[in-house]
Structures are given as structure tokens and as C-alpha cells.
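Chemist: Submitted below is the structure of interest, expressed as C-alpha cells.
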Amino acid sequence: MSLLTLVKRAQNNDESAMVEIIERFEPKIRKSLKFTDIGVREDIHQDIIFRMIKAVKSYRMANEGNRLIDREQL
């Protein structure tokens with residue numbers, strides 16, 4: 001399933017879609033966290049997940065012809 005489809009589903013309160021989005025990015029998050037202090041790593045991880053959820057929920061798209069665009073860019 002495409003990321004765009006998952007975002008749309010997550011915006012409609014589909015919890016499984018949000019979980020899948022987070023799981024797709026989890027390897028990149030964990031790799032980045034290897035360079036942080038182990039004492040704050042879990043806090044940073046939780047903050048990243050929180051910000052991802054917030055970003056997915058607030059992301060707005062508009063249809064322009066056959067392509068989707070971010071309304072924030074308009």
C-alpha cells in the first residue's frame with residue numbers, strides 16, 4: 001500500500017494505517033538514534049513518533065489534475 005493511501009487512512013482515524021506508517025520509518029529512526037546519548041534515546045524516540053503522528057494528522061493534500069500536491073505549498 002502506498003504511503004499516500006496510508007496517510008489518508010490514518011487521517012480518517014485508521015489506527016492500523018498509522019501503525020504501518022510508523023513501522024515503515026522505524027528502521028530509519030533507530031539508525032539515527034544510534035548517534036544519540038543512550039540516556040535520552042527513548043525520550044527522543046517517543047518525541048519523533050509523536051511528531052510523526054501530528055504531521056500525518058495535519059498534512060493537507062489537494063488534487064491538481066492527476067497529481068496530488070501539498071496545500072501548504074499553495
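Residue numbers start at 1 in each chain; chains themselves are named A, B, ... in the order of the C-alpha cells; ligands are numbered from 1 in the order shown.
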Just asking: which residues within chain A are alpha helix (DSSP H) according to DSSP, as a ChimeraX atom specification?

Modeler: /A:3-11,15-33,41-58

Chemist: If you count only C-alpha atoms, which residues fall within 12 Å of A:His45, apart from same-chain ones fewer than 4 positions away, as a list in words?

Modeler: Ile22, Phe25, Glu26, Pro27, Lys28, Ile29, Arg30, Lys31, Ser32, Leu33, Lys34, Thr36, Asp37, Ile38, Gly39, Val40, Arg41, Ile49, Phe50, Arg51 and Met52 of chain A

Chemist: Considering only C-alpha atoms, state which residue in the set A:Val7, A:Ser2, A:Ser58, A:Asp47 is at the smallest distance from A:Val19.

Modeler: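 Under the stated criterion, the closest residue is A:Val7.
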
Chemist: Quick one: pick out all strand (DSSP E or B) residues within chain A from a backbone DSSP run and write them as a list in words.

Modeler: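 Restricting chain A to strand (DSSP E or B) produces Met61, Ala62, Asn63, Glu64, Arg67, Leu68, Ile69 and Asp70 of chain A.
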
Chemist: Hey, can you check how far atom CA of A:Leu4 sits from atom CA of A:Lys54?

Modeler: 15.6 Å

Chemist: What is the atom CA of A:Ala10-atom CA of A:Met61 distance in Å, reported with one decimal?

Modeler: 13.5 Å

Chemist: Pick out the residues sitting within 12 Å of A:Glu15, and hand them over as a ChimeraX atom specification; count only C-alpha atoms, and ignore anything fewer than 5 positions along from it in its own chain.

Modeler: /A:6-10,20-22,53,56-57

Chemist: Got time to write the residues from that selection, C-alpha atoms, as a compact mmCIF listing (two decimals), in the first residue's frame?

Modeler:
# COMPACT_ATOMS: atom_id res chain seq x y z
CA LEU A 6 -1.83 5.12 4.45
CA VAL A 7 -1.79 8.84 5.27
CA LYS A 8 -5.35 9.23 4.02
CA ARG A 9 -6.49 6.25 6.07
CA ALA A 10 -4.65 7.48 9.16
CA GLU A 20 2.10 0.86 9.48
CA ILE A 21 3.44 4.35 8.73
CA ILE A 22 5.42 4.33 11.96
CA ILE A 53 1.55 11.33 14.22
CA VAL A 56 0.31 12.88 9.40
CA LYS A 57 -2.85 14.23 11.04

Chemist: To one decimal place in Å, what is the distance between atom CA of A:Arg60 and atom CA of A:Asn12?

Modeler: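 Here the two named atoms are 12.5 Å from each other.
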